[in-house]
>>> print(open('my_file.pdb').read())   # PDB, C-alpha atoms
ATOM      1  CA  MET A  14      80.831   6.191-137.127  1.00  0.00           C
ATOM      2  CA  LYS A  15      82.729   6.326-133.838  1.00  0.00           C
ATOM      3  CA  PRO A  16      86.309   5.113-133.853  1.00  0.00           C
ATOM      4  CA  PRO A  17      86.909   1.908-131.919  1.00  0.00           C
ATOM      5  CA  THR A  18      87.869   2.087-128.276  1.00  0.00           C
ATOM      6  CA  ARG A  19      91.444   1.276-127.387  1.00  0.00           C
ATOM      7  CA  THR A  20      90.302  -2.122-126.162  1.00  0.00           C
ATOM      8  CA  GLN A  21      88.389  -2.806-129.380  1.00  0.00           C
ATOM      9  CA  TYR A  22      91.412  -1.695-131.397  1.00  0.00           C
ATOM     10  CA  LYS A  23      93.684  -4.135-129.559  1.00  0.00           C
ATOM     11  CA  LEU A  24      91.117  -6.916-130.019  1.00  0.00           C
ATOM     12  CA  GLU A  25      91.031  -6.151-133.769  1.00  0.00           C
ATOM     13  CA  GLU A  26      94.835  -6.408-133.828  1.00  0.00           C
ATOM     14  CA  ALA A  27      94.622  -9.882-132.298  1.00  0.00           C
ATOM     15  CA  LYS A  28      91.902 -10.800-134.816  1.00  0.00           C
ATOM     16  CA  PHE A  29      94.142  -9.631-137.676  1.00  0.00           C
ATOM     17  CA  PHE A  30      96.998 -11.918-136.604  1.00  0.00           C
ATOM     18  CA  LEU A  31      94.558 -14.797-136.052  1.00  0.00           C
ATOM     19  CA  MET A  32      93.364 -14.320-139.650  1.00  0.00           C
ATOM     20  CA  LEU A  33      96.966 -14.369-140.908  1.00  0.00           C
ATOM     21  CA  LEU A  34      97.661 -17.480-138.849  1.00  0.00           C
ATOM     22  CA  GLU A  35      94.694 -19.193-140.514  1.00  0.00           C
ATOM     23  CA  GLN A  36      95.590 -18.033-144.014  1.00  0.00           C
ATOM     24  CA  ASN A  37      99.223 -19.108-143.729  1.00  0.00           C
ATOM     25  CA  TRP A  38      98.852 -22.569-142.165  1.00  0.00           C
ATOM     26  CA  ARG A  39     100.987 -24.077-144.948  1.00  0.00           C
ATOM     27  CA  HIS A  40     103.860 -21.657-144.372  1.00  0.00           C
ATOM     28  CA  PHE A  41     105.692 -23.367-141.562  1.00  0.00           C
ATOM     29  CA  PRO A  42     107.905 -20.579-140.281  1.00  0.00           C
ATOM     30  CA  HIS A  43     105.228 -17.933-140.921  1.00  0.00           C
ATOM     31  CA  VAL A  44     102.752 -19.801-138.703  1.00  0.00           C
ATOM     32  CA  ASP A  45     105.146 -19.325-135.800  1.00  0.00           C
ATOM     33  CA  TYR A  46     105.580 -15.607-136.498  1.00  0.00           C
ATOM     34  CA  PHE A  47     101.840 -14.939-136.777  1.00  0.00           C
ATOM     35  CA  LEU A  48     101.156 -17.046-133.686  1.00  0.00           C
ATOM     36  CA  SER A  49     103.686 -15.026-131.703  1.00  0.00           C
ATOM     37  CA  ALA A  50     102.134 -11.754-132.881  1.00  0.00           C
ATOM     38  CA  PHE A  51      98.643 -13.057-132.064  1.00  0.00           C
ATOM     39  CA  VAL A  52      99.672 -14.121-128.556  1.00  0.00           C
ATOM     40  CA  SER A  53     101.284 -10.736-127.846  1.00  0.00           C
ATOM     41  CA  ALA A  54      98.279  -8.780-129.119  1.00  0.00           C
ATOM     42  CA  ALA A  55      95.708 -11.041-127.478  1.00  0.00           C
ATOM     43  CA  ARG A  56      97.417 -11.041-124.073  1.00  0.00           C
ATOM     44  CA  SER A  57      97.452  -7.226-124.211  1.00  0.00           C
ATOM     45  CA  VAL A  58      93.677  -6.872-124.624  1.00  0.00           C
ATOM     46  CA  THR A  59      92.831  -7.048-120.921  1.00  0.00           C
ATOM     47  CA  TRP A  60      95.778  -4.797-120.023  1.00  0.00           C
ATOM     48  CA  VAL A  61      94.516  -2.152-122.441  1.00  0.00           C
ATOM     49  CA  MET A  62      91.000  -2.694-121.090  1.00  0.00           C
ATOM     50  CA  ARG A  63      92.250  -2.084-117.539  1.00  0.00           C
ATOM     51  CA  SER A  64      94.038   1.076-118.697  1.00  0.00           C
ATOM     52  CA  GLU A  65      90.919   2.290-120.487  1.00  0.00           C
ATOM     53  CA  TYR A  66      88.280   1.459-117.856  1.00  0.00           C
ATOM     54  CA  GLY A  67      90.291   0.991-114.643  1.00  0.00           C
ATOM     55  CA  LYS A  68      89.447   4.384-113.115  1.00  0.00           C
ATOM     56  CA  ASN A  69      85.801   3.343-112.994  1.00  0.00           C
ATOM     57  CA  ALA A  70      85.181   1.588-109.631  1.00  0.00           C
ATOM     58  CA  ASP A  71      82.190  -0.298-111.085  1.00  0.00           C
ATOM     59  CA  TRP A  72      84.377  -1.678-113.864  1.00  0.00           C
ATOM     60  CA  VAL A  73      87.070  -2.767-111.382  1.00  0.00           C
ATOM     61  CA  GLU A  74      84.443  -4.546-109.285  1.00  0.00           C
ATOM     62  CA  TRP A  75      82.980  -6.208-112.407  1.00  0.00           C
ATOM     63  CA  PHE A  76      86.370  -7.247-113.790  1.00  0.00           C
ATOM     64  CA  ASP A  77      87.647  -8.576-110.455  1.00  0.00           C
ATOM     65  CA  ALA A  78      84.446 -10.593-110.038  1.00  0.00           C
ATOM     66  CA  LYS A  79      84.889 -12.323-113.420  1.00  0.00           C
ATOM     67  CA  LYS A  80      85.644 -15.922-112.520  1.00  0.00           C
ATOM     68  CA  PRO A  81      86.437 -18.043-115.557  1.00  0.00           C
ATOM     69  CA  SER A  82      85.621 -21.737-115.541  1.00  0.00           C
ATOM     70  CA  SER A  83      88.498 -24.074-114.677  1.00  0.00           C
ATOM     71  CA  LYS A  84      88.853 -24.926-118.395  1.00  0.00           C
ATOM     72  CA  VAL A  85      89.110 -21.247-119.371  1.00  0.00           C
ATOM     73  CA  ARG A  86      91.407 -20.535-116.411  1.00  0.00           C
ATOM     74  CA  GLU A  87      93.768 -23.281-117.659  1.00  0.00           C
ATOM     75  CA  LEU A  88      93.650 -21.821-121.194  1.00  0.00           C
ATOM     76  CA  LEU A  89      94.508 -18.361-119.818  1.00  0.00           C
ATOM     77  CA  LYS A  90      97.396 -19.755-117.770  1.00  0.00           C
ATOM     78  CA  GLN A  91      98.803 -21.688-120.717  1.00  0.00           C
ATOM     79  CA  MET A  92      98.512 -18.679-123.038  1.00  0.00           C
ATOM     80  CA  ASN A  93     100.312 -16.564-120.479  1.00  0.00           C
ATOM     81  CA  ASP A  94     103.052 -19.213-120.204  1.00  0.00           C
ATOM     82  CA  VAL A  95     103.403 -19.132-123.997  1.00  0.00           C
ATOM     83  CA  ARG A  96     103.592 -15.324-124.012  1.00  0.00           C
ATOM     84  CA  VAL A  97     106.190 -15.218-121.244  1.00  0.00           C
ATOM     85  CA  ARG A  98     108.312 -17.849-122.959  1.00  0.00           C
ATOM     86  CA  ALA A  99     108.005 -16.184-126.373  1.00  0.00           C
ATOM     87  CA  THR A 100     108.806 -12.673-125.172  1.00  0.00           C
ATOM     88  CA  LYS A 101     111.414 -13.432-122.524  1.00  0.00           C
ATOM     89  CA  SER A 102     113.324 -16.588-123.334  1.00  0.00           C
ATOM     90  CA  VAL A 103     112.575 -18.801-126.351  1.00  0.00           C
ATOM     91  CA  PRO A 104     110.823 -17.769-129.576  1.00  0.00           C
ATOM     92  CA  LEU A 105     107.699 -19.741-130.450  1.00  0.00           C
ATOM     93  CA  LYS A 106     108.418 -22.660-132.703  1.00  0.00           C
ATOM     94  CA  THR A 107     105.595 -25.062-133.339  1.00  0.00           C
ATOM     95  CA  ARG A 108     106.020 -28.753-133.971  1.00  0.00           C
ATOM     96  CA  THR A 109     104.401 -29.354-137.323  1.00  0.00           C
ATOM     97  CA  THR A 110     102.883 -32.636-138.365  1.00  0.00           C
ATOM     98  CA  ALA A 111     101.776 -32.811-141.956  1.00  0.00           C
ATOM     99  CA  GLN A 112      99.610 -35.143-143.923  1.00  0.00           C
ATOM    100  CA  VAL A 113     100.968 -35.505-147.420  1.00  0.00           C
ATOM    101  CA  THR A 114     100.062 -37.216-150.641  1.00  0.00           C
ATOM    102  CA  ILE A 115     102.838 -38.638-152.757  1.00  0.00           C
ATOM    103  CA  PRO A 116     101.592 -38.871-156.339  1.00  0.00           C
ATOM    104  CA  PRO A 117     102.917 -42.005-158.078  1.00  0.00           C
ATOM    105  CA  GLU A 118     104.879 -39.902-160.564  1.00  0.00           C
ATOM    106  CA  LEU A 119     106.800 -38.308-157.678  1.00  0.00           C
ATOM    107  CA  VAL A 120     107.840 -41.563-155.994  1.00  0.00           C
ATOM    108  CA  THR A 121     111.596 -42.002-156.353  1.00  0.00           C
ATOM    109  CA  PRO A 122     113.402 -45.316-155.859  1.00  0.00           C
ATOM    110  CA  GLU A 123     115.074 -43.897-152.745  1.00  0.00           C
ATOM    111  CA  LEU A 124     111.716 -42.864-151.268  1.00  0.00           C
ATOM    112  CA  LEU A 125     110.185 -46.232-152.096  1.00  0.00           C
ATOM    113  CA  HIS A 126     113.108 -47.986-150.398  1.00  0.00           C
ATOM    114  CA  PHE A 127     112.777 -45.749-147.326  1.00  0.00           C
ATOM    115  CA  LEU A 128     109.025 -46.407-147.048  1.00  0.00           C
ATOM    116  CA  GLN A 129     109.366 -50.174-147.571  1.00  0.00           C
ATOM    117  CA  SER A 130     112.263 -50.538-145.149  1.00  0.00           C
ATOM    118  CA  GLY A 131     110.188 -49.303-142.227  1.00  0.00           C
ATOM    119  CA  ALA A 132     113.140 -47.081-141.338  1.00  0.00           C
ATOM    120  CA  GLN A 133     112.559 -44.825-138.420  1.00  0.00           C
ATOM    121  CA  GLY A 134     113.535 -41.209-138.616  1.00  0.00           C
ATOM    122  CA  GLN A 135     112.186 -37.748-138.801  1.00  0.00           C
ATOM    123  CA  VAL A 136     111.159 -36.813-142.293  1.00  0.00           C
ATOM    124  CA  ARG A 137     111.187 -33.085-142.659  1.00  0.00           C
ATOM    125  CA  LEU A 138     109.365 -31.113-145.294  1.00  0.00           C
ATOM    126  CA  GLU A 139     111.106 -28.395-147.239  1.00  0.00           C
ATOM    127  CA  PRO A 140     108.559 -26.419-149.269  1.00  0.00           C
ATOM    128  CA  THR A 141     109.421 -25.981-152.931  1.00  0.00           C
ATOM    129  CA  ASP A 142     106.840 -23.424-154.004  1.00  0.00           C
ATOM    130  CA  PRO A 143     105.573 -20.094-152.614  1.00  0.00           C
ATOM    131  CA  THR A 144     102.158 -21.560-151.718  1.00  0.00           C
ATOM    132  CA  ASN A 145     103.750 -24.386-149.718  1.00  0.00           C
ATOM    133  CA  THR A 146     101.578 -26.970-151.448  1.00  0.00           C
ATOM    134  CA  GLU A 147     104.567 -29.098-152.482  1.00  0.00           C
ATOM    135  CA  ALA A 148     107.572 -30.037-150.435  1.00  0.00           C
ATOM    136  CA  LEU A 149     110.693 -32.126-150.602  1.00  0.00           C
ATOM    137  CA  LEU A 150     110.784 -35.076-148.228  1.00  0.00           C
ATOM    138  CA  VAL A 151     114.157 -34.956-146.518  1.00  0.00           C
ATOM    139  CA  VAL A 152     115.814 -37.305-144.014  1.00  0.00           C
ATOM    140  CA  GLY A 153     119.069 -35.970-142.632  1.00  0.00           C
ATOM    141  CA  ASP A 154     120.639 -34.373-145.686  1.00  0.00           C
ATOM    142  CA  ARG A 155     119.100 -36.809-148.207  1.00  0.00           C
ATOM    143  CA  VAL A 156     116.212 -35.733-150.411  1.00  0.00           C
ATOM    144  CA  LEU A 157     113.938 -38.753-150.774  1.00  0.00           C
ATOM    145  CA  GLY A 158     111.312 -37.264-153.049  1.00  0.00           C
ATOM    146  CA  LYS A 159     108.444 -34.799-153.331  1.00  0.00           C
ATOM    147  CA  ALA A 160     104.967 -34.686-151.845  1.00  0.00           C
ATOM    148  CA  LYS A 161     101.842 -32.551-151.859  1.00  0.00           C
ATOM    149  CA  ILE A 162     100.890 -31.122-148.465  1.00  0.00           C
ATOM    150  CA  ASP A 163      97.235 -31.833-147.693  1.00  0.00           C
ATOM    151  CA  LYS A 164      97.004 -30.826-144.045  1.00  0.00           C
ATOM    152  CA  ALA A 165      99.293 -29.515-141.329  1.00  0.00           C
ATOM    153  CA  THR A 166      98.889 -29.430-137.572  1.00  0.00           C
ATOM    154  CA  HIS A 167     100.997 -27.039-135.526  1.00  0.00           C
ATOM    155  CA  GLU A 168     101.477 -27.806-131.827  1.00  0.00           C
ATOM    156  CA  LEU A 169     103.164 -26.200-128.858  1.00  0.00           C
ATOM    157  CA  PRO A 170     104.251 -28.122-125.743  1.00  0.00           C
ATOM    158  CA  GLU A 171     101.686 -26.184-123.699  1.00  0.00           C
ATOM    159  CA  PHE A 172      98.869 -27.520-125.896  1.00  0.00           C
ATOM    160  CA  GLN A 173      99.901 -31.065-126.794  1.00  0.00           C
ATOM    161  CA  GLY A 174      97.507 -32.779-129.142  1.00  0.00           C
ATOM    162  CA  ARG A 175      95.833 -29.517-130.169  1.00  0.00           C
ATOM    163  CA  ASP A 176      96.468 -27.414-133.231  1.00  0.00           C
ATOM    164  CA  VAL A 177      97.523 -23.898-132.201  1.00  0.00           C
ATOM    165  CA  ARG A 178      95.051 -22.418-134.670  1.00  0.00           C
ATOM    166  CA  GLU A 179      92.175 -23.982-132.731  1.00  0.00           C
ATOM    167  CA  VAL A 180      93.644 -22.877-129.398  1.00  0.00           C
ATOM    168  CA  ALA A 181      94.096 -19.330-130.719  1.00  0.00           C
ATOM    169  CA  LYS A 182      90.474 -19.242-131.943  1.00  0.00           C
ATOM    170  CA  GLU A 183      89.211 -20.472-128.583  1.00  0.00           C
ATOM    171  CA  TYR A 184      91.250 -17.839-126.774  1.00  0.00           C
ATOM    172  CA  PHE A 185      90.095 -15.096-129.142  1.00  0.00           C
ATOM    173  CA  LEU A 186      86.427 -16.021-128.640  1.00  0.00           C
ATOM    174  CA  GLU A 187      86.868 -15.742-124.856  1.00  0.00           C
ATOM    175  CA  LEU A 188      88.415 -12.280-125.265  1.00  0.00           C
ATOM    176  CA  GLU A 189      85.771 -11.192-127.742  1.00  0.00           C
ATOM    177  CA  ALA A 190      82.983 -12.192-125.335  1.00  0.00           C
ATOM    178  CA  LEU A 191      84.672 -10.359-122.449  1.00  0.00           C
ATOM    179  CA  CYS A 192      85.081  -7.212-124.572  1.00  0.00           C
ATOM    180  CA  ALA A 193      81.467  -7.351-125.749  1.00  0.00           C
ATOM    181  CA  GLU A 194      80.237  -7.667-122.152  1.00  0.00           C
ATOM    182  CA  CYS A 195      82.496  -4.795-121.061  1.00  0.00           C
ATOM    183  CA  LYS A 196      81.250  -2.570-123.874  1.00  0.00           C
ATOM    184  CA  ALA A 197      77.605  -3.411-123.144  1.00  0.00           C
ATOM    185  CA  LYS A 198      78.009  -2.664-119.422  1.00  0.00           C
ATOM    186  CA  PHE A 199      80.322   0.339-119.543  1.00  0.00           C
ATOM    187  CA  GLY A 200      80.040   1.689-123.088  1.00  0.00           C
ATOM    188  CA  PRO A 201      82.893   3.182-125.058  1.00  0.00           C
ATOM    189  CA  ARG A 202      85.283   5.356-123.105  1.00  0.00           C
ATOM    190  CA  ASP A 203      86.366   8.768-124.293  1.00  0.00           C
ATOM    191  CA  GLU A 204      90.021   9.003-125.179  1.00  0.00           C
ATOM    192  CA  PRO A 205      92.088  10.887-122.565  1.00  0.00           C
TER     193      PRO A 205
END
>>> encode(input="my_file.pdb", output="structure tokens")
Amino acid sequence: MKPPTRTQYKLEEAKFFLMLLEQNWRHFPHVDYFLSAFVSAARSVTWVMRSEYGKNADWVEWFDAKKPSSKVRELLKQMNDVRVRATKSVPLKTRTTAQVTIPPELVTPELLHFLQSGAQGQVRLEPTDPTNTEALLVVGDRVLGKAKIDKATHELPEFQGRDVREVAKEYFLELEALCAECKAKFGPRDEP
């Protein structure tokens, strides 16, 4: 079995971090770390591809002629904006929205009062177990009770209304298709 090309290797690295992002969706700070690693690896795929195939004039012509749809072009621009921000100025930190279930036995009088009062405020979740399936419900510095985390959505300003896991998958599939087309047209390159 031939070893993967440099481009394939970099694509596999991005796939690895995408898998970790998926597996760790409940781990709020870990999601950010795996997303950052995915973005860095994924954005490097075409750079590695250019390094690997760029001396071939046919490849350069093919690559330069690739015109993504406006939707894909916007995705590429936004992912680049995320990468630039994450590597040069502000670490990635997703805004997490969670759907929780509060079992009746975990409802405290303080939580009940908070829910009934219609009080506005950001309730933050502080996980209490290593699997991040349970969390404390906290407002300010007050613990209101406990809940079970059913679902979490992680967003970035660049992709408002979309979970970053879905955006990352979409981006990965675009890269995977590009790499498959490149490999089919130009075959694996010998290492220098």
>>> atom_distance(input="my_file.pdb", atom1="CA of Leu31 in chain A", atom2="CA of Lys90 in chain A")
19.2 Å
>>> residues_near_point(input="my_file.pdb", point="(103.1, -28.2, -132.2)", cutoff="10 Å", atoms="all atoms listed in the file", output="list of chain:residue names")
A:Asp45, A:Leu105, A:Lys106, A:Thr107, A:Arg108, A:Thr109, A:Thr110, A:Ala165, A:Thr166, A:His167, A:Glu168, A:Leu169, A:Pro170, A:Glu171, A:Phe172, A:Gln173, A:Gly174, A:Arg175, A:Asp176, A:Val177
>>> closest_residue(input="my_file.pdb", among="A:Ala160, A:Val136, A:Ser102, A:Glu74", to="Pro117 in chain A", atoms="all atoms listed in the file")
A:Ala160
>>> atom_distance(input="my_file.pdb", atom1="CA of Val44 in chain A", atom2="CA of Gln135 in chain A")
20.3 Å
>>> closest_residue(input="my_file.pdb", among="A:Val103, A:Leu149, A:Ala78, A:Met32", to="Ile115 in chain A", atoms="only C-alpha atoms")
A:Leu149
>>> atom_distance(input="my_file.pdb", atom1="CA of Ala148 in chain A", atom2="CA of Val113 in chain A")
9.1 Å
>>> closest_residue(input="my_file.pdb", among="A:Ile162, A:Cys192, A:Ala70, A:Ala197", to="Pro116 in chain A", atoms="only C-alpha atoms")
A:Ile162
>>> residues_around(input="my_file.pdb", residues="Lys84 in chain A", least_positions_apart="4", cutoff="12 Å", atoms="only C-alpha atoms", output="number ranges by chain")
A: 80, 88-91, 183-184, 187
>>> residues_around(input="my_file.pdb", residues="Val156 in chain A", least_positions_apart="6", cutoff="9 Å", atoms="only C-alpha atoms", output="ChimeraX atom specification")
/A:123-124,149-150
>>> write_last_selection(input="my_file.pdb", atoms="C-alpha atoms", output="compact mmCIF listing (two decimals), in the frame of the given file")
# COMPACT_ATOMS: atom_id res chain seq x y z
CA GLU A 123 115.07 -43.90 -152.74
CA LEU A 124 111.72 -42.86 -151.27
CA LEU A 149 110.69 -32.13 -150.60
CA LEU A 150 110.78 -35.08 -148.23
>>> resolve_selection(input="my_file.pdb", expression="the PyMOL selection byres ((chain A and resi 27-30) around 9)", output="PyMOL selection string")
chain A and resi 22-26+31-35+47-58+185
>>> axis_aligned_box(input="my_file.pdb", around="range 160-174 of chain A", padding_each_side="8 Å", output="JSON")
{"center_x": 101.0, "center_y": -30.4, "center_z": -137.8, "size_x": 24.0, "size_y": 24.5, "size_z": 44.2}
>>> resolve_selection(input="my_file.pdb", expression="the PyMOL selection byres ((chain A and resi 201) around 12)", output="list in words")
Lys15, Pro16, Pro17, Thr18, Arg19, Thr20, Gln21, Tyr22, Met62, Glu65, Tyr66, Cys192, Ala193, Glu194, Cys195, Lys196, Ala197, Lys198, Phe199, Gly200, Arg202, Asp203 and Glu204 of chain A
>>> closest_residue(input="my_file.pdb", among="A:Val152, A:Phe41, A:Thr59, A:Thr144", to="Glu189 in chain A", atoms="all atoms listed in the file")
A:Thr59
>>> closest_residue(input="my_file.pdb", among="A:Pro104, A:Pro122, A:Gly131, A:Pro143", to="Leu157 in chain A", atoms="all atoms listed in the file")
A:Pro122
>>> closest_residue(input="my_file.pdb", among="A:Val151, A:Ala190, A:Val120, A:Met92", to="Arg137 in chain A", atoms="all atoms listed in the file")
A:Val151
